[in-house]
Structures are given as structure tokens and as C-alpha cells.
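> My structure is stored as final-v4.tsv, with TSV, C-alpha atoms and all ligand atoms.
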```tsv
chain	number	residue	atom	x	y	z
A	1	MET	CA	141.55	116.54	83.54
A	2	ILE	CA	139.30	115.33	80.70
A	3	ARG	CA	139.81	111.76	81.89
A	4	ASP	CA	138.65	112.79	85.38
A	5	GLN	CA	135.57	114.46	83.93
A	6	VAL	CA	134.73	111.35	81.87
A	7	LEU	CA	135.17	109.14	84.94
A	8	LEU	CA	133.01	111.46	87.04
A	9	SER	CA	130.23	111.51	84.47
A	10	LEU	CA	130.36	107.68	84.13
A	11	PHE	CA	130.18	107.42	87.91
A	12	MET	CA	127.20	109.81	88.04
A	13	SER	CA	125.44	107.93	85.23
A	14	LEU	CA	125.92	104.60	86.98
A	15	SER	CA	124.64	106.00	90.27
A	16	TYR	CA	121.64	107.51	88.45
A	17	LEU	CA	120.96	104.27	86.54
A	18	LEU	CA	121.07	102.14	89.70
A	19	ALA	CA	118.83	104.57	91.61
A	20	THR	CA	116.31	104.47	88.75
A	21	LEU	CA	116.42	100.68	88.57
A	22	HIS	CA	116.06	100.35	92.35
A	23	LEU	CA	112.82	102.37	92.23
A	24	LEU	CA	111.48	100.65	89.11
A	25	ILE	CA	112.05	97.32	90.82
A	26	LEU	CA	109.96	98.57	93.72
A	27	ALA	CA	107.02	99.04	91.34
A	28	ILE	CA	107.58	95.60	89.79
A	29	GLY	CA	108.00	93.89	93.17
A	30	ILE	CA	104.87	95.38	94.77
A	31	ALA	CA	102.78	94.60	91.67
A	32	ALA	CA	104.15	91.04	91.55
A	33	VAL	CA	103.63	90.22	95.22
A	34	TYR	CA	100.09	91.60	95.06
A	35	ALA	CA	99.36	89.60	91.87
A	36	ARG	CA	100.75	86.43	93.48
A	37	TRP	CA	98.53	86.89	96.52
A	38	ARG	CA	95.45	87.32	94.30
A	39	ALA	CA	96.40	84.34	92.15
A	40	LEU	CA	97.10	82.08	95.15
A	41	ARG	CA	93.75	83.01	96.68
A	42	ASP	CA	92.03	81.71	93.54
A	43	VAL	CA	93.89	78.39	93.26
A	44	ARG	CA	91.42	75.50	93.08
A	45	THR	CA	92.94	73.34	90.32
A	46	VAL	CA	96.22	73.18	88.40
A	47	ALA	CA	94.60	75.32	85.71
A	48	HIS	CA	94.99	78.28	88.11
A	49	LEU	CA	98.72	77.77	88.53
A	50	PRO	CA	100.12	79.66	85.48
A	51	ALA	CA	98.95	82.98	86.98
A	52	VAL	CA	100.70	82.12	90.26
A	53	PHE	CA	103.91	81.13	88.48
A	54	LEU	CA	103.92	84.25	86.29
A	55	ALA	CA	103.57	86.56	89.31
A	56	ASP	CA	106.16	84.49	91.16
A	57	ASN	CA	108.63	84.88	88.27
A	58	TRP	CA	108.31	88.66	88.43
A	59	TYR	CA	108.65	88.64	92.22
A	60	GLY	CA	111.85	86.62	91.82
A	61	VAL	CA	113.18	89.15	89.31
A	62	ALA	CA	112.35	91.97	91.76
A	63	ALA	CA	114.05	90.21	94.68
A	64	MET	CA	117.24	89.69	92.69
A	65	GLY	CA	117.10	93.24	91.38
A	66	TRP	CA	116.64	94.68	94.87
A	67	VAL	CA	119.63	92.79	96.22
A	68	ILE	CA	121.93	93.58	93.27
A	69	THR	CA	121.09	97.29	92.90
A	70	GLY	CA	120.71	97.81	96.68
A	71	LEU	CA	124.02	96.24	97.68
A	72	TRP	CA	125.79	97.95	94.79
A	73	ARG	CA	124.42	101.31	95.88
A	74	ALA	CA	125.21	100.73	99.54
A	75	PHE	CA	128.68	99.23	99.23
A	76	GLY	CA	129.84	100.10	95.72
A	77	GLY	CA	130.93	103.61	96.73
A	78	LEU	CA	128.29	105.21	94.50
A	79	GLU	CA	126.21	106.96	97.14
A	80	LYS	CA	127.09	107.99	100.68
A	81	GLY	CA	129.62	105.22	101.37
A	82	SER	CA	129.45	101.95	103.29
A	83	GLU	CA	130.13	103.58	106.66
A	84	PHE	CA	127.12	105.86	106.38
A	85	TYR	CA	124.77	102.93	105.77
A	86	LEU	CA	126.30	100.60	108.35
A	87	GLU	CA	125.88	103.34	110.97
A	88	SER	CA	122.31	104.19	109.93
A	89	HIS	CA	119.69	102.58	112.16
A	90	TRP	CA	117.22	103.05	109.28
A	91	PHE	CA	119.43	100.97	107.00
A	92	ILE	CA	119.83	98.26	109.67
A	93	GLY	CA	116.05	98.32	110.22
A	94	LYS	CA	115.41	98.12	106.49
A	95	MET	CA	117.72	95.12	106.17
A	96	GLY	CA	116.06	93.52	109.21
A	97	LEU	CA	112.67	93.85	107.50
A	98	PHE	CA	114.14	92.45	104.30
A	99	ALA	CA	115.36	89.43	106.28
A	100	LEU	CA	111.84	89.05	107.73
A	101	VAL	CA	110.36	89.16	104.22
A	102	PHE	CA	112.86	86.47	103.22
A	103	LEU	CA	111.78	84.28	106.15
A	104	LEU	CA	108.12	84.68	105.20
A	105	GLU	CA	109.06	83.82	101.64
A	106	LEU	CA	110.85	80.54	102.47
A	107	LEU	CA	107.78	78.28	102.48
A	108	PRO	CA	106.15	79.86	99.37
A	109	MET	CA	109.46	79.70	97.52
A	110	ILE	CA	110.08	76.04	98.33
A	111	THR	CA	106.47	75.01	97.71
A	112	LEU	CA	106.23	76.83	94.39
A	113	VAL	CA	109.45	75.25	93.14
A	114	ARG	CA	108.05	71.85	94.16
A	115	TRP	CA	104.73	72.59	92.43
A	116	ARG	CA	106.53	73.56	89.22
A	117	ILE	CA	108.51	70.30	89.22
A	118	ASP	CA	105.51	68.14	90.16
A	119	ARG	CA	103.36	69.74	87.49
A	120	ARG	CA	106.02	69.15	84.83
A	121	LYS	CA	106.33	65.51	85.88
A	122	GLY	CA	102.55	65.05	86.03
A	123	ARG	CA	102.61	64.25	89.74
A	124	PRO	CA	99.74	65.23	92.10
A	125	LEU	CA	100.13	68.62	93.81
A	126	ALA	CA	99.30	69.59	97.38
A	127	LEU	CA	97.15	72.57	96.35
A	128	ASN	CA	95.52	72.68	99.77
A	129	ARG	CA	98.58	74.70	100.82
A	130	ALA	CA	97.54	77.61	98.58
A	131	PRO	CA	95.59	79.56	101.28
A	132	LEU	CA	98.60	79.43	103.63
A	133	LEU	CA	100.92	80.57	100.84
A	134	ALA	CA	98.47	83.38	100.04
A	135	ARG	CA	98.56	84.56	103.68
A	136	LEU	CA	102.37	84.40	103.78
A	137	THR	CA	102.47	86.42	100.55
A	138	LEU	CA	100.03	89.03	101.83
A	139	ALA	CA	102.01	89.44	105.07
A	140	GLN	CA	105.03	90.59	103.06
A	141	ILE	CA	103.28	93.62	101.57
A	142	PRO	CA	103.11	95.84	104.70
A	143	LEU	CA	106.73	94.99	105.45
A	144	LEU	CA	107.79	96.13	101.97
A	145	VAL	CA	105.80	99.34	102.41
A	146	LEU	CA	107.49	99.91	105.77
A	147	MET	CA	110.84	99.39	104.06
A	148	VAL	CA	110.04	102.28	101.72
A	149	GLY	CA	109.48	104.53	104.76
A	150	MET	CA	112.79	103.41	106.23
A	151	ALA	CA	114.59	103.90	102.91
A	152	THR	CA	113.45	107.50	102.54
A	153	ALA	CA	114.46	108.25	106.15
A	154	MET	CA	117.82	106.60	105.54
A	155	ALA	CA	118.44	108.52	102.32
A	156	ARG	CA	117.85	111.80	104.20
A	157	GLY	CA	120.13	110.84	107.08
A	158	LEU	CA	117.32	111.14	109.67
B	1	LIG	C1	119.40	94.10	99.89
B	1	LIG	C2	118.38	94.94	99.75
B	1	LIG	C3	118.50	96.42	99.65
B	1	LIG	C4	119.59	97.24	99.84
B	1	LIG	C5	121.01	96.87	100.22
B	1	LIG	C6	119.14	98.60	99.62
B	1	LIG	C7	119.93	99.72	99.68
B	1	LIG	C8	119.55	100.99	99.31
B	1	LIG	C9	120.41	102.14	99.18
B	1	LIG	C10	121.91	102.12	99.47
B	1	LIG	C11	119.67	103.19	98.82
B	1	LIG	C12	120.20	104.63	98.54
B	1	LIG	C13	119.89	105.53	99.70
B	1	LIG	C14	120.50	106.88	99.51
B	1	LIG	O1	120.10	107.62	98.58
B	1	LIG	O2	121.40	107.23	100.30
B	1	LIG	C15	118.31	102.73	98.69
B	1	LIG	C16	117.25	103.53	98.33
B	1	LIG	C17	115.94	103.11	98.35
B	1	LIG	N1	115.49	101.83	98.63
B	1	LIG	FE1	116.64	100.20	98.92
B	1	LIG	N2	117.80	98.57	99.32
B	1	LIG	C18	117.37	97.26	99.33
B	1	LIG	C19	116.08	96.82	99.12
B	1	LIG	C20	115.00	97.63	99.03
B	1	LIG	C21	113.62	97.20	99.07
B	1	LIG	C22	113.17	95.76	99.20
B	1	LIG	C23	112.85	98.33	98.99
B	1	LIG	C24	111.36	98.48	99.00
B	1	LIG	C25	110.51	97.64	99.45
B	1	LIG	C26	113.72	99.46	98.89
B	1	LIG	C27	113.30	100.77	98.77
B	1	LIG	C28	114.13	101.85	98.56
B	1	LIG	C29	113.66	103.19	98.24
B	1	LIG	C30	112.20	103.64	98.09
B	1	LIG	C31	114.81	103.98	98.09
B	1	LIG	C32	114.85	105.46	97.72
B	1	LIG	C33	114.94	106.33	98.96
B	1	LIG	C34	115.05	107.81	98.57
B	1	LIG	O3	115.86	108.14	97.70
B	1	LIG	O4	114.32	108.62	99.18
B	1	LIG	N3	115.02	99.00	98.93
B	1	LIG	N4	118.27	101.39	99.00
```
I need this file expressed as C-alpha cells, please.
Ligand code: HEM


Amino acid sequence: MIRDQVLLSLFMSLSYLLATLHLLILAIGIAAVYARWRALRDVRTVAHLPAVFLADNWYGVAAMGWVITGLWRAFGGLEKGSEFYLESHWFIGKMGLFALVFLLELLPMITLVRWRIDRRKGRPLALNRAPLLARLTLAQIPLLVLMVGMATAMARGL
């Protein structure tokens, strides 16, 4: 009996902790993607790159956090159960948008990794790509906002 109560309260705490983290990551992710867009817009020389890399680091943390806490919540039996989410068109839509964000992120991700390596090795960087990367970054923001709308609909079983 006491063991069951302890397990239940651990379960509730974990579910609460993951829900809190999932929302905190939303704040971090939106701030980071916005900061990366602003920083990329201003890139003229390598001296502007640290701001881009810092924002990009935080965006990477948010992306990992979203996937870990999101999948855990959806399929770890902590919320409404896997079946509920797999049958929710809002969840499918939300994951579809996440896939779209990932596609838009491919070129920035690859280019920024390359820039980091080239800068460390003192090689010349193709900074003329910065405006394109800025546009690809900006395009992700409305999709993330739309995902929030889908998430709240999903959570309410609409
Ligand atoms: C692999 C990625 C993700 C998965 C698997 C996932 C999954 C989930 C799950 C299972 C919930 C709980 C819903 C419920 O209470 O029944 C949730 C809530 C939420 N998610 Fe995600 N999520 C992911 C990424 C994201 C992203 C990228 C955003 C925002 C841009 C986001 C925004 C939200 C919001 C705002 C809630 C709270 C909804 C509410 O309680 O009203 N999620 N997510």
C-alpha cells in the first residue's frame, strides 16, 4: 500500500517535472532561434560569429530537450498513453511540423558545423551564405508557434 503510494507520487513527480521542462524548453528554443536569426542577419566578418554560435548552441539544447521530454511524455506512459497520441491528428500534425522544422534546419546545421571547424582551423569561411541561413532560421519560428497551437489542442483531446 505504502509502496504503491510512493510509486504513484514518484510517477506524478516525473510527469510534472517533464511537463515543466518541456515548457521551459519552449521558452529557451524560441529565444534561441530568434537570437540566431538576428545574429545571422548581422554577419559580415568572422567577428560576428560567436553570437551565432552561442544562439545555435542553445537551439541545439532546446531541440534535444524537446525530443527527449516530448517522446518520454508521449510514449513513456506518463500522460495519456501512446495510443491516444498516435490516434490524435493534432499530435501527427505537430510531429509533421517538427519534421518540417528539421528539414529547414538541415542546411543551417551543416553549414554552422562547417563554419565552426573552418574557423578553428583558420580556413576561409563562406559567410555569403549567412542571409540564406537567416531566412531558413526565420522560417522556423511560425512553424514552432503553430506547433504550440497544435500541442494545446492535442492536450485537450480536441
Ligand atoms: C519530438 C518532439 C515532441 C514530442 C514527441 C512532444 C510531445 C508532447 C506531449 C506528449 C505533450 C503532452 C500533451 C498532454 O498533456 O497530453 C506535449 C505538450 C506540449 N508540447 Fe510537445 N512535443 C514535442 C515537441 C514540441 C515542440 C517543438 C513544441 C513547441 C514548439 C512543443 C510544445 C508543447 C506544448 C506547448 C505543450 C503543452 C500543451 C498543454 O499542456 O496545453 N512540443 N508535447

> Output the neighbourhood of ligand LIG 1 (chain B) as a list of chain:residue names, that is, all protein and nucleic acid residues with some atom at most 6 Å from the ligand, counting only C-alpha atoms and all ligand atoms.

A:Leu26, A:Trp66, A:Val67, A:Gly70, A:Leu71, A:Arg73, A:Ala74, A:Glu79, A:Lys80, A:Leu144, A:Val145, A:Met147, A:Val148, A:Ala151, A:Thr152, A:Ala155

> Just the number, please: distance in Å from atom CA of Ile117 of chain A to atom CA of Phe102 of chain A, one decimal.

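The value is 21.8 Å.
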
> For Pro131 of chain A, which of A:Trp58, A:Leu78, A:Arg38, A:Asp118 is the closest residue, counting all atoms listed in the file?

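Going through A:Trp58, A:Leu78, A:Arg38, A:Asp118 one by one, the smallest distance to Pro131 of chain A is for A:Arg38.
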
> Show which residues sit within 10 Å of Leu23 of chain A, as a list of chain:residue names. Count all atoms listed in the file, and ignore same-chain residues fewer than 4 positions away.

A:Leu18, A:Ala19, A:Ala27, A:Ile28, A:Gly29, A:Trp66, A:Thr69, A:Val148

> So, counting only C-alpha atoms, which residue among A:Leu40, A:Ile25, A:Ile110, A:Val33 is closest to Asn128 of chain A?

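Under the stated criterion, the closest residue is A:Leu40.
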
> Excluding Arg41 of chain A and its own-chain neighbours fewer than 2 positions away, which residues fall within 8 Å of it when counting only C-alpha atoms? Please give them as a JSON list (two decimals) with C-alpha atoms, in the frame of the given file.


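Wrote it out as around.json, contents follow:
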```
[["chain", "number", "residue", "atom", "x", "y", "z"],
["A", 37, "TRP", "CA", 98.53, 86.89, 96.52],
["A", 38, "ARG", "CA", 95.45, 87.32, 94.30],
["A", 39, "ALA", "CA", 96.40, 84.34, 92.15],
["A", 43, "VAL", "CA", 93.89, 78.39, 93.26],
["A", 130, "ALA", "CA", 97.54, 77.61, 98.58],
["A", 131, "PRO", "CA", 95.59, 79.56, 101.28],
["A", 134, "ALA", "CA", 98.47, 83.38, 100.04]]
```

> Could you check which of A:Leu104, A:Val46, A:Ala62, A:Ile2 is closest to Leu132 of chain A, using all atoms listed in the file?

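When distances to Leu132 of chain A are compared using all atoms listed in the file, the smallest one comes from A:Leu104.
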
> Determine the nearest neighbour of Trp72 of chain A from the options A:Arg114, A:His48, A:His22, A:His89, counting all atoms listed in the file.

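Closest to Trp72 of chain A of all the choices is A:His22.
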
> Kindly indicate which residue among A:Thr111, A:Leu146, A:Gln140, A:Asp56 lies nearest to Ala126 of chain A, using all atoms listed in the file for the distances.

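Among the listed residues, A:Thr111 lies closest to Ala126 of chain A.
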
> Counting all atoms listed in the file, figure out which residue out of A:Leu112, A:Leu86, A:Ala31, A:Leu125 gets nearest to Phe53 of chain A.

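Of A:Leu112, A:Leu86, A:Ala31, A:Leu125, the one nearest Phe53 of chain A is A:Leu112, counting all atoms listed in the file.
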
> In Å, with one decimal, what is the gap from atom CA of Met64 of chain A to atom CA of Pro108 of chain A?

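Rounded to one decimal, the two atoms are 16.3 Å apart.
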
> Take atom CA of Arg44 of chain A and atom CA of Leu127 of chain A and report the distance between them in Å, one decimal.

7.2 Å

> Please provide the set of residues having any atom within 9 Å of Met154 of chain A, restricted to all atoms listed in the file, with same-chain residues fewer than 3 positions apart removed, written as a VMD selection string.

chain A and resid 85 88 to 91 94 149 to 151 157 to 158

> Quick one: 5 Å padding each side, axis-aligned, all listed atoms of segment 124-135 of chain A - centre and edge lengths in Å to one decimal, as JSON?


```
{"center_x": 98.2, "center_y": 74.9, "center_z": 97.9, "size_x": 15.4, "size_y": 29.3, "size_z": 21.6}
```
